[in-house]
Amino acid sequence: MDIIAKNITHTYNEGSPFSSAALKGVDLTIREGEFFGIIGHTGSGKSTFVQHLNALIRVYTAEKKYNPKKDKNTEKPVLQIGEFDLTDKKCDFNALRAKVGMVFQYPEYQLFAETVFEDVVFGLRNFAKEKPTKEAEEAAVQQAIEIVGLDYADVKDKSPFDLSGGQKRRVAIAGVIVTHPEILVLDEPAAGLDPIGKREIMELLHKLHRDWCRTIIVVSHDMDEISENCSRVAVFSEGKVFKCCTPQELFRHSEELEALGLDIPLTAKVQRALAERGVEIETDFTRDDFIAKVSALFRKKTDKGDDGSCGKM
Amino acid sequence: MDMQETESVAVRFENVKFKYDQNSRYALNNVSFSVKEGEFVALIGHNGSGKSTTARLINGLLEATSGKITVFGKDVSDKKNLFEVRKSAGIVFQNPDNQMVSSIVEDDVAFGPENIGVPREEIGERIEWALSVVGMTAYRNSSPARLSGGQKQRIAIAGVLAIKPKILILDESTAMLDPKGRKEIMDVVLRLNKEEKMTVIMITHFMEEALLADRTVVLNRGKIVLEGEPQDIFKNSELLETYNLSLPGIGYICKQLQKNGMAIRDCLYPEELAEEIASLLQEES
Ligand SMILES: Nc1ncnc2c1ncn2[C@@H]1O[C@H](COP(=O)(O)OP(=O)(O)OP(=O)(O)O)[C@@H](O)[C@H]1O
Ligand SMILES: Nc1ncnc2c1ncn2[C@@H]1O[C@H](COP(=O)(O)OP(=O)(O)OP(=O)(O)O)[C@@H](O)[C@H]1O
Ligand SMILES: [Mg+2]
Ligand SMILES: [Mg+2]
């Protein structure tokens, strides 16, 4: 399922003195199979946008406001996900939600049941076309809990509220992937996890990407995470998509990002500091590639012996 | 323990044990440490290692099962001290939604100071100061429920800063901020620490942030396993991994380059690493 979004606007509390335009015409296409990143400063509209993808925020409210006479420059919004037309009031939103899984910025919000098991099984029961057998249910829940790195026997009867921040996160993810959604959207999935936990969650997402969910969309503030994991990335700024390209392309123009108040990956920082010292490194900004490129330069120098030059590779 | 020492110690844990209920294992198991007044301590450790539990014990939200906790010499288990303790130790929690109490941002920020009896006239000033410090003055009359994740977190920080606590405890309080916002908040915290002698205990999963502290304390399964200057703590990557931690990113890259035969010194910062690499590559052979 491809995602095609055009002219998406959203204003919270339209008409009230507190109204705020969160999205001001978002155009974005995300292809099936991508591992897609969304970045942008606080309040740039990332969460507002991704909540459109499983119709938590309905786009037709924007359509109603759409008035071609009033503003000739704005066009009718488009939000198509596979066969689902989200601008159509008759769209089967339940079917859509089974296919587009959403892990919120505060996944604690999604936890409500008395036990971890009940929480994870909820999503399954909610979306299953026919009621699964008890055994099938248990197997599915166990698989989901284990794949997020929790000990099934240990946590299944615990209250989710008795878990630490990071453990809750994993339960929330398990509760969403248990339905095998085709598109999995995660709003800052690694925030609050310990370093190994972060790595494991990203590894988990890659594992899911191959076997469970065709498309993964990650909202993140962590540029290293983006450069390591994403095939493409969209930069949100002031309610619009400022840029959409590969991480390599994006981080090659680090000045642009910094002008927006965003960060760059550590590899890009070192690369820039090296350039200032006359050492040019051409890299895709993943750590492994960066290490390989620097090591290659070093080998070239030691092989050449007294040459001592270190030009562009 | 003489009076002098009591005065300069902001927080002291002596053989503290804590469990959430009878049947569970100890969330903290015989923990002893102290934080000096004006010190900046980073508290790191895996998910569930007991960091938030430690924070909640410090200001008496939880009560130790055994052992003793003092804040500026005052025993926190003594109910008579609780008001004093909460006045001097302010916590910004992991999830800002847990501490939003009002429907208007400025009331939310005013809640803390009002609670500790700051005079009316002064409260206005404090709100102004705290909101400007976190860059949220424009949202003064907004509803916290209508803010983005990062904006809520800034309000939560302002709410605690407005108390002007002597000890500021940040429990992953910048996890939802964008990098610029994180840096801004860190700069404020560093400034309060350096200029106002505010004692800071910062719980974080960002190893880069832990580098800013005077001292790092590592918790593992409810016990302190490492304690020292960040530079020393972040030397042993294998050991850190057994605690579910890692080197800061630059430290990792540096280690890998060393493994590939490059004779460079241990580095933890980008500029430092670039300098090492450049001088090795450019040195006359
Ligand atoms: N429920 C709401 N009611 C009113 N305004 C809102 C609401 N949620 C968000 N906003 C506003 O909409 C804008 C976009 O918010 P959004 O949550 O999409 O940002 P974000 O990019 O996800 O930010 P962050 O990185 O902090 O999570 C912000 O200015 C915010 O104040
Ligand atoms: N309210 C609670 N009731 C019961 N057990 C709890 C409660 N809160 C935490 N625990 C347990 O106590 C231990 C320590 O939890 P704590 O929240 O202090 O960890 P943490 O180091 O802050 O973790 P994180 O990095 O995930 O926030 C964990 O095993 C956790 O499951
Ligand atoms: Mg958000
Ligand atoms: Mg915690």
# chains A, B, ... in the order shown; residues from 1 in each chain; ligands from 1
>>> select_by_dssp(residues="segment 71-284 of chain B", states="helix (DSSP H, G or I)", output="PyMOL selection string")
chain B and resi 79-88+96-99+105-115+120-133+137-139+144-146+149-161+179-195+207-210+230-233+237-242+249-259+270-282
>>> interface_residues(of="chain A", to="chain B", cutoff="8 Å", atoms="only C-alpha atoms", output="PyMOL selection string")
chain A and resi 18+40-43+47+105-106+163-167+191-197+221-222+261-263+266+269-271+273-274+277-279+287+291+294-295+297-298+301+305-310
>>> write_last_selection(atoms="N, CA and C atoms", output="short mmCIF file (atom, residue, chain, number, x, y, z; two decimals), in the first residue's frame")
data_model
loop_
_atom_site.label_atom_id
_atom_site.label_comp_id
_atom_site.auth_asym_id
_atom_site.auth_seq_id
_atom_site.Cartn_x
_atom_site.Cartn_y
_atom_site.Cartn_z
N PHE A 18 -7.91 30.03 20.46
CA PHE A 18 -6.70 29.22 20.61
C PHE A 18 -6.37 28.43 19.35
N GLY A 40 11.84 16.77 12.30
CA GLY A 40 11.39 18.16 12.34
C GLY A 40 11.36 18.65 13.77
N HIS A 41 11.41 19.97 13.94
CA HIS A 41 11.49 20.50 15.30
C HIS A 41 10.19 20.30 16.07
N THR A 42 10.26 20.53 17.36
CA THR A 42 9.09 20.44 18.22
C THR A 42 7.97 21.33 17.69
N GLY A 43 6.79 20.75 17.54
CA GLY A 43 5.65 21.53 17.08
C GLY A 43 5.56 21.71 15.57
N SER A 47 3.51 14.68 14.57
CA SER A 47 2.48 13.84 15.20
C SER A 47 1.11 14.09 14.58
N GLN A 105 3.40 8.58 20.47
CA GLN A 105 4.53 9.24 21.10
C GLN A 105 4.57 8.88 22.59
N TYR A 106 3.44 8.75 23.21
CA TYR A 106 3.38 8.31 24.60
C TYR A 106 2.61 6.99 24.64
N LEU A 163 5.26 -1.51 35.31
CA LEU A 163 6.49 -1.67 34.55
C LEU A 163 7.22 -0.34 34.46
N SER A 164 8.50 -0.42 34.17
CA SER A 164 9.26 0.81 33.98
C SER A 164 8.92 1.40 32.62
N GLY A 165 9.36 2.65 32.41
CA GLY A 165 9.06 3.35 31.17
C GLY A 165 9.39 2.53 29.92
N GLY A 166 10.56 1.95 29.91
CA GLY A 166 10.99 1.22 28.73
C GLY A 166 10.21 -0.07 28.52
N GLN A 167 9.88 -0.70 29.63
CA GLN A 167 9.11 -1.94 29.51
C GLN A 167 7.71 -1.66 28.97
N ALA A 191 12.55 6.70 21.99
CA ALA A 191 12.73 7.67 23.07
C ALA A 191 12.47 6.99 24.41
N GLY A 192 13.36 7.22 25.37
CA GLY A 192 13.16 6.66 26.70
C GLY A 192 13.71 5.25 26.87
N LEU A 193 14.29 4.69 25.83
CA LEU A 193 14.87 3.35 25.99
C LEU A 193 16.36 3.47 26.29
N ASP A 194 16.90 2.47 27.00
CA ASP A 194 18.33 2.49 27.25
C ASP A 194 19.07 2.18 25.94
N PRO A 195 20.37 2.48 25.88
CA PRO A 195 21.09 2.38 24.61
C PRO A 195 20.95 1.02 23.92
N ILE A 196 21.06 -0.03 24.67
CA ILE A 196 20.92 -1.35 24.05
C ILE A 196 19.47 -1.57 23.63
N GLY A 197 18.55 -1.09 24.47
CA GLY A 197 17.12 -1.18 24.14
C GLY A 197 16.80 -0.46 22.84
N HIS A 221 13.67 12.23 16.58
CA HIS A 221 14.52 13.41 16.74
C HIS A 221 15.98 13.02 16.66
N ASP A 222 16.22 11.73 16.56
CA ASP A 222 17.59 11.24 16.66
C ASP A 222 18.17 11.04 15.26
N GLY A 261 17.24 24.56 12.86
CA GLY A 261 17.36 24.23 14.28
C GLY A 261 17.41 22.74 14.52
N LEU A 262 17.76 21.96 13.49
CA LEU A 262 17.86 20.52 13.68
C LEU A 262 19.31 20.10 13.82
N ASP A 263 19.48 18.89 14.26
CA ASP A 263 20.82 18.37 14.51
C ASP A 263 21.28 17.57 13.29
N LEU A 266 26.33 12.23 14.28
CA LEU A 266 27.71 12.37 14.76
C LEU A 266 28.71 12.22 13.63
N LYS A 269 29.13 15.33 11.88
CA LYS A 269 29.91 16.30 12.66
C LYS A 269 31.40 16.05 12.51
N VAL A 270 31.78 14.77 12.59
CA VAL A 270 33.20 14.46 12.46
C VAL A 270 33.66 14.73 11.03
N GLN A 271 32.80 14.37 10.07
CA GLN A 271 33.17 14.60 8.67
C GLN A 271 33.45 16.08 8.43
N ALA A 273 34.25 18.39 10.69
CA ALA A 273 35.45 18.81 11.42
C ALA A 273 36.71 18.32 10.69
N LEU A 274 36.61 17.17 10.02
CA LEU A 274 37.75 16.67 9.25
C LEU A 274 37.98 17.54 8.02
N ARG A 277 39.92 20.40 8.52
CA ARG A 277 41.34 20.09 8.70
C ARG A 277 41.96 19.53 7.42
N GLY A 278 41.23 19.67 6.32
CA GLY A 278 41.78 19.26 5.03
C GLY A 278 41.65 17.79 4.70
N VAL A 279 40.82 17.06 5.44
CA VAL A 279 40.62 15.64 5.14
C VAL A 279 39.18 15.45 4.66
N ARG A 287 27.50 4.77 10.58
CA ARG A 287 28.76 4.60 11.31
C ARG A 287 29.69 3.62 10.62
N ILE A 291 33.40 4.49 9.35
CA ILE A 291 34.57 3.79 9.89
C ILE A 291 35.37 3.15 8.75
N VAL A 294 37.25 5.91 6.69
CA VAL A 294 38.41 6.47 7.39
C VAL A 294 39.53 5.43 7.45
N SER A 295 39.15 4.18 7.73
CA SER A 295 40.15 3.12 7.81
C SER A 295 40.84 2.92 6.46
N LEU A 297 41.34 5.22 4.18
CA LEU A 297 42.30 6.31 4.02
C LEU A 297 43.59 6.02 4.77
N PHE A 298 43.39 5.49 5.97
CA PHE A 298 44.54 5.18 6.82
C PHE A 298 45.41 4.09 6.17
N LYS A 301 47.41 5.37 3.32
CA LYS A 301 48.58 6.13 3.78
C LYS A 301 49.69 5.18 4.24
N GLY A 305 53.41 4.36 2.44
CA GLY A 305 54.60 4.68 3.22
C GLY A 305 54.80 6.17 3.33
N ASP A 306 55.84 6.72 2.70
CA ASP A 306 56.22 8.11 2.99
C ASP A 306 55.39 9.15 2.23
N ASP A 307 54.44 8.71 1.43
CA ASP A 307 53.68 9.66 0.61
C ASP A 307 52.96 10.72 1.47
N GLY A 308 52.18 10.24 2.42
CA GLY A 308 51.60 11.18 3.39
C GLY A 308 50.44 12.00 2.87
N SER A 309 50.05 11.83 1.61
CA SER A 309 48.93 12.62 1.10
C SER A 309 47.61 11.96 1.51
N CYS A 310 46.58 12.74 1.59
CA CYS A 310 45.29 12.14 1.90
C CYS A 310 44.20 12.90 1.20
#
>>> residues_around(residues="Asp21 of chain B", least_positions_apart="5", cutoff="12 Å", atoms="only C-alpha atoms", output="list in words")
Asp162 of chain A; Tyr26, Ala27, Leu62, Glu63, Ala64 and Thr65 of chain B
>>> closest_atom_pairs(of="chain A", to="ligand 1", cutoff="9 Å", atoms="only C-alpha atoms and all ligand atoms", output="Markdown table")
| residue | atom | partner | partner_atom_place_in_ligand_line | distance |
| --- | --- | --- | --- | --- |
| A:His10 | CA | ligand 1 | 12 (O) | 8.6 |
| A:Thr11 | CA | ligand 1 | 12 (O) | 7.6 |
| A:Tyr12 | CA | ligand 1 | 4 (C) | 4.6 |
| A:Asn13 | CA | ligand 1 | 4 (C) | 6.2 |
| A:Phe18 | CA | ligand 1 | 4 (C) | 7.5 |
| A:Ser19 | CA | ligand 1 | 4 (C) | 6.9 |
| A:Ser20 | CA | ligand 1 | 5 (N) | 5.8 |
| A:Ala21 | CA | ligand 1 | 12 (O) | 6.6 |
| A:Ala22 | CA | ligand 1 | 12 (O) | 4.2 |
| A:Leu23 | CA | ligand 1 | 14 (C) | 7.2 |
| A:Ile39 | CA | ligand 1 | 21 (O) | 7.9 |
| A:Gly40 | CA | ligand 1 | 21 (O) | 6.1 |
| A:His41 | CA | ligand 1 | 25 (O) | 5.6 |
| A:Thr42 | CA | ligand 1 | 26 (O) | 3.5 |
| A:Gly43 | CA | ligand 1 | 19 (O) | 3.4 |
| A:Ser44 | CA | ligand 1 | 21 (O) | 3.9 |
| A:Gly45 | CA | ligand 1 | 18 (O) | 3.2 |
| A:Lys46 | CA | ligand 1 | 21 (O) | 3.8 |
| A:Ser47 | CA | ligand 1 | 22 (O) | 3.6 |
| A:Thr48 | CA | ligand 1 | 18 (O) | 3.7 |
| A:Phe49 | CA | ligand 1 | 18 (O) | 6.4 |
| A:Val50 | CA | ligand 1 | 18 (O) | 8.3 |
| A:Gln51 | CA | ligand 1 | 18 (O) | 8.6 |
| A:Gln105 | CA | ligand 1 | 27 (O) | 7.2 |
| A:Asp187 | CA | ligand 1 | 22 (O) | 8.1 |
| A:Glu188 | CA | ligand 1 | 27 (O) | 8.4 |
| A:Val219 | CA | ligand 1 | 22 (O) | 8.3 |
| A:Ser220 | CA | ligand 1 | 25 (O) | 8.0 |
| A:His221 | CA | ligand 1 | 25 (O) | 7.3 |
| A:Phe236 | CA | ligand 1 | 21 (O) | 7.4 |
| A:Ser237 | CA | ligand 1 | 21 (O) | 8.2 |
| A:Glu238 | CA | ligand 1 | 14 (C) | 8.2 |
| A:Gly239 | CA | ligand 1 | 14 (C) | 7.1 |
>>> atom_distance(atom1="atom CA of Val92 of chain B", atom2="atom CA of Trp129 of chain B")
17.1 Å
>>> closest_residue(among="B:Ile203, B:Leu219, B:Leu43, B:Ile155", to="Leu28 of chain B", atoms="only C-alpha atoms")
B:Leu219
>>> closest_residue(among="A:Phe117, A:Phe93, A:Trp212, A:Phe104", to="ligand 3", atoms="only C-alpha atoms and all ligand atoms")
A:Phe104
>>> residues_around(residues="Arg232 of chain A", least_positions_apart="4", cutoff="6 Å", atoms="only C-alpha atoms", output="VMD selection string")
chain A and resid 36 245 to 246
>>> residues_around(residues="Gly90 of chain B", least_positions_apart="6", cutoff="9 Å", atoms="only C-alpha atoms", output="ChimeraX atom specification")
/B:59,160-161,163-170
>>> write_last_selection(atoms="N, CA and C atoms", output="short mmCIF file (atom, residue, chain, number, x, y, z; two decimals), in the first residue's frame")
data_model
loop_
_atom_site.label_atom_id
_atom_site.label_comp_id
_atom_site.auth_asym_id
_atom_site.auth_seq_id
_atom_site.Cartn_x
_atom_site.Cartn_y
_atom_site.Cartn_z
N ASN B 59 12.45 12.66 47.08
CA ASN B 59 11.53 13.67 47.63
C ASN B 59 10.32 13.06 48.33
N VAL B 160 8.79 23.14 37.43
CA VAL B 160 9.71 22.79 38.51
C VAL B 160 10.74 23.91 38.73
N LEU B 161 11.20 24.52 37.65
CA LEU B 161 12.15 25.62 37.80
C LEU B 161 11.53 26.76 38.61
N ILE B 163 9.80 26.67 41.12
CA ILE B 163 9.95 26.42 42.56
C ILE B 163 11.34 26.88 43.02
N LYS B 164 12.24 27.09 42.06
CA LYS B 164 13.65 27.36 42.34
C LYS B 164 14.20 26.38 43.38
N PRO B 165 14.13 25.10 43.06
CA PRO B 165 14.58 24.11 44.02
C PRO B 165 16.10 24.16 44.17
N LYS B 166 16.58 23.78 45.34
CA LYS B 166 18.04 23.72 45.51
C LYS B 166 18.60 22.49 44.81
N ILE B 167 17.73 21.47 44.70
CA ILE B 167 18.13 20.26 43.98
C ILE B 167 17.15 20.05 42.84
N LEU B 168 17.69 20.00 41.63
CA LEU B 168 16.84 19.78 40.47
C LEU B 168 17.06 18.34 39.98
N ILE B 169 15.97 17.58 39.96
CA ILE B 169 16.07 16.20 39.50
C ILE B 169 15.35 16.09 38.17
N LEU B 170 16.09 15.73 37.14
CA LEU B 170 15.52 15.61 35.80
C LEU B 170 15.43 14.14 35.44
#
>>> residues_around(residues="Phe72 of chain B", least_positions_apart="3", cutoff="12 Å", atoms="only C-alpha atoms", output="JSON, numbers by chain")
{"B": [3, 4, 5, 6, 7, 8, 9, 10, 11, 12, 13, 34, 35, 36, 37, 38, 58, 59, 69, 75, 76, 81, 84, 85, 86, 87, 88, 89, 166, 167, 199]}
>>> write_last_selection(atoms="N, CA, C and O atoms", output="compact mmCIF listing (two decimals), in the first residue's frame")
# COMPACT_ATOMS: atom_id res chain seq x y z
N MET B 3 28.67 18.29 61.56
CA MET B 3 27.70 19.25 61.05
C MET B 3 28.13 19.78 59.67
O MET B 3 27.33 19.85 58.74
N GLN B 4 29.38 20.13 59.55
CA GLN B 4 29.93 20.68 58.32
C GLN B 4 29.54 19.83 57.12
O GLN B 4 29.05 20.31 56.11
N GLU B 5 29.76 18.52 57.30
CA GLU B 5 29.51 17.61 56.18
C GLU B 5 28.03 17.56 55.85
O GLU B 5 27.64 17.61 54.69
N THR B 6 27.21 17.47 56.89
CA THR B 6 25.77 17.42 56.68
C THR B 6 25.30 18.60 55.84
O THR B 6 24.48 18.47 54.96
N GLU B 7 25.87 19.75 56.14
CA GLU B 7 25.48 20.97 55.44
C GLU B 7 25.75 20.87 53.94
O GLU B 7 24.94 21.28 53.14
N SER B 8 26.91 20.34 53.57
CA SER B 8 27.30 20.40 52.18
C SER B 8 26.80 19.19 51.37
O SER B 8 26.95 19.16 50.17
N VAL B 9 26.20 18.22 52.06
CA VAL B 9 25.67 17.07 51.32
C VAL B 9 24.21 17.33 50.98
O VAL B 9 23.39 17.54 51.87
N ALA B 10 23.90 17.33 49.69
CA ALA B 10 22.53 17.60 49.28
C ALA B 10 21.65 16.37 49.48
O ALA B 10 20.58 16.43 50.05
N VAL B 11 22.13 15.23 49.00
CA VAL B 11 21.36 13.99 49.10
C VAL B 11 22.27 12.87 49.58
O VAL B 11 23.40 12.74 49.12
N ARG B 12 21.77 12.10 50.54
CA ARG B 12 22.55 10.94 50.96
C ARG B 12 21.65 9.72 51.09
O ARG B 12 20.60 9.76 51.72
N PHE B 13 22.08 8.63 50.46
CA PHE B 13 21.41 7.33 50.60
C PHE B 13 22.33 6.43 51.41
O PHE B 13 23.51 6.30 51.07
N SER B 34 26.11 9.58 47.76
CA SER B 34 25.72 10.92 48.17
C SER B 34 26.07 11.92 47.08
O SER B 34 26.93 11.68 46.24
N VAL B 35 25.31 13.01 47.08
CA VAL B 35 25.49 14.06 46.10
C VAL B 35 25.78 15.34 46.87
O VAL B 35 25.03 15.72 47.76
N LYS B 36 26.90 15.96 46.54
CA LYS B 36 27.28 17.18 47.25
C LYS B 36 26.49 18.37 46.73
O LYS B 36 26.05 18.37 45.58
N GLU B 37 26.32 19.37 47.57
CA GLU B 37 25.64 20.58 47.14
C GLU B 37 26.40 21.19 45.96
O GLU B 37 27.63 21.28 45.99
N GLY B 38 25.66 21.55 44.92
CA GLY B 38 26.28 22.17 43.75
C GLY B 38 26.86 21.19 42.75
O GLY B 38 27.35 21.59 41.70
N ILE B 58 13.88 10.24 46.79
CA ILE B 58 14.56 11.44 47.27
C ILE B 58 13.56 12.45 47.80
O ILE B 58 13.75 13.04 48.85
N ASN B 59 12.45 12.66 47.08
CA ASN B 59 11.53 13.67 47.63
C ASN B 59 10.32 13.06 48.33
O ASN B 59 9.28 13.68 48.44
N ILE B 69 17.52 7.90 54.05
CA ILE B 69 17.72 8.90 53.01
C ILE B 69 17.60 10.28 53.63
O ILE B 69 16.63 10.57 54.33
N ASP B 75 16.00 13.85 57.41
CA ASP B 75 15.52 12.50 57.13
C ASP B 75 14.18 12.57 56.39
O ASP B 75 13.21 13.13 56.92
N VAL B 76 14.12 12.02 55.18
CA VAL B 76 12.88 12.16 54.41
C VAL B 76 11.75 11.25 54.92
O VAL B 76 10.59 11.43 54.56
N ASN B 81 9.47 16.56 57.95
CA ASN B 81 10.45 17.15 57.04
C ASN B 81 9.97 17.23 55.59
O ASN B 81 10.60 17.86 54.75
N GLU B 84 9.66 20.63 53.72
CA GLU B 84 11.00 21.18 53.50
C GLU B 84 11.69 20.45 52.34
O GLU B 84 12.28 21.05 51.46
N VAL B 85 11.59 19.12 52.40
CA VAL B 85 12.28 18.28 51.42
C VAL B 85 11.74 18.55 50.02
O VAL B 85 12.49 18.74 49.06
N ARG B 86 10.42 18.63 49.90
CA ARG B 86 9.82 18.85 48.58
C ARG B 86 10.10 20.25 48.06
O ARG B 86 10.11 20.49 46.87
N LYS B 87 10.31 21.17 48.99
CA LYS B 87 10.65 22.52 48.60
C LYS B 87 12.07 22.55 48.03
O LYS B 87 12.35 23.28 47.10
N SER B 88 12.94 21.75 48.60
CA SER B 88 14.32 21.82 48.11
C SER B 88 14.62 20.86 46.96
O SER B 88 15.54 21.10 46.21
N ALA B 89 13.82 19.81 46.80
CA ALA B 89 14.10 18.87 45.71
C ALA B 89 12.92 18.82 44.74
O ALA B 89 11.86 18.32 45.08
N LYS B 166 16.58 23.78 45.34
CA LYS B 166 18.04 23.72 45.51
C LYS B 166 18.60 22.49 44.81
O LYS B 166 19.75 22.45 44.41
N ILE B 167 17.73 21.47 44.70
CA ILE B 167 18.13 20.26 43.98
C ILE B 167 17.15 20.05 42.84
O ILE B 167 15.94 19.97 43.05
N THR B 199 22.06 22.10 42.70
CA THR B 199 22.49 20.72 42.62
C THR B 199 21.63 20.02 41.55
O THR B 199 20.42 20.21 41.54
>>> select_by_dssp(residues="segment 133-255 of chain A", states="strand (DSSP E)", output="list in words")
Ile183, Leu184, Val185, Leu186, Asp187, Thr215, Ile216, Ile217, Val218, Val219, Arg232, Val233, Ala234, Val235, Phe236, Ser237, Lys240, Val241, Phe242, Lys243, Cys244 and Cys245 of chain A
>>> closest_residue(among="A:Ile8, A:Ala113, A:Leu186, A:Leu250", to="ligand 3", atoms="only C-alpha atoms and all ligand atoms")
A:Leu186
>>> closest_residue(among="A:Gly175, A:Pro189, A:Pro77, A:Gly82", to="Phe122 of chain A", atoms="only C-alpha atoms")
A:Gly175
>>> residues_around(residues="segment 28-32 of chain A", least_positions_apart="2", cutoff="7 Å", atoms="only C-alpha atoms", output="VMD selection string")
chain A and resid 1 to 6 26 34 214 to 215
>>> closest_residue(among="A:Thr267, A:Ala190, A:Lys168, A:Lys76", to="ligand 4", atoms="only C-alpha atoms and all ligand atoms")
A:Lys168
>>> atom_distance(atom1="atom CA of Gln143 of chain A", atom2="atom CA of Lys131 of chain A")
18.1 Å
>>> closest_residue(among="A:Lys129, A:Arg97, A:Lys198, A:Lys300", to="ligand 2", atoms="only C-alpha atoms and all ligand atoms")
A:Lys198
>>> atom_distance(atom1="atom CA of Ala174 of chain A", atom2="atom CA of Ile145 of chain A")
5.5 Å
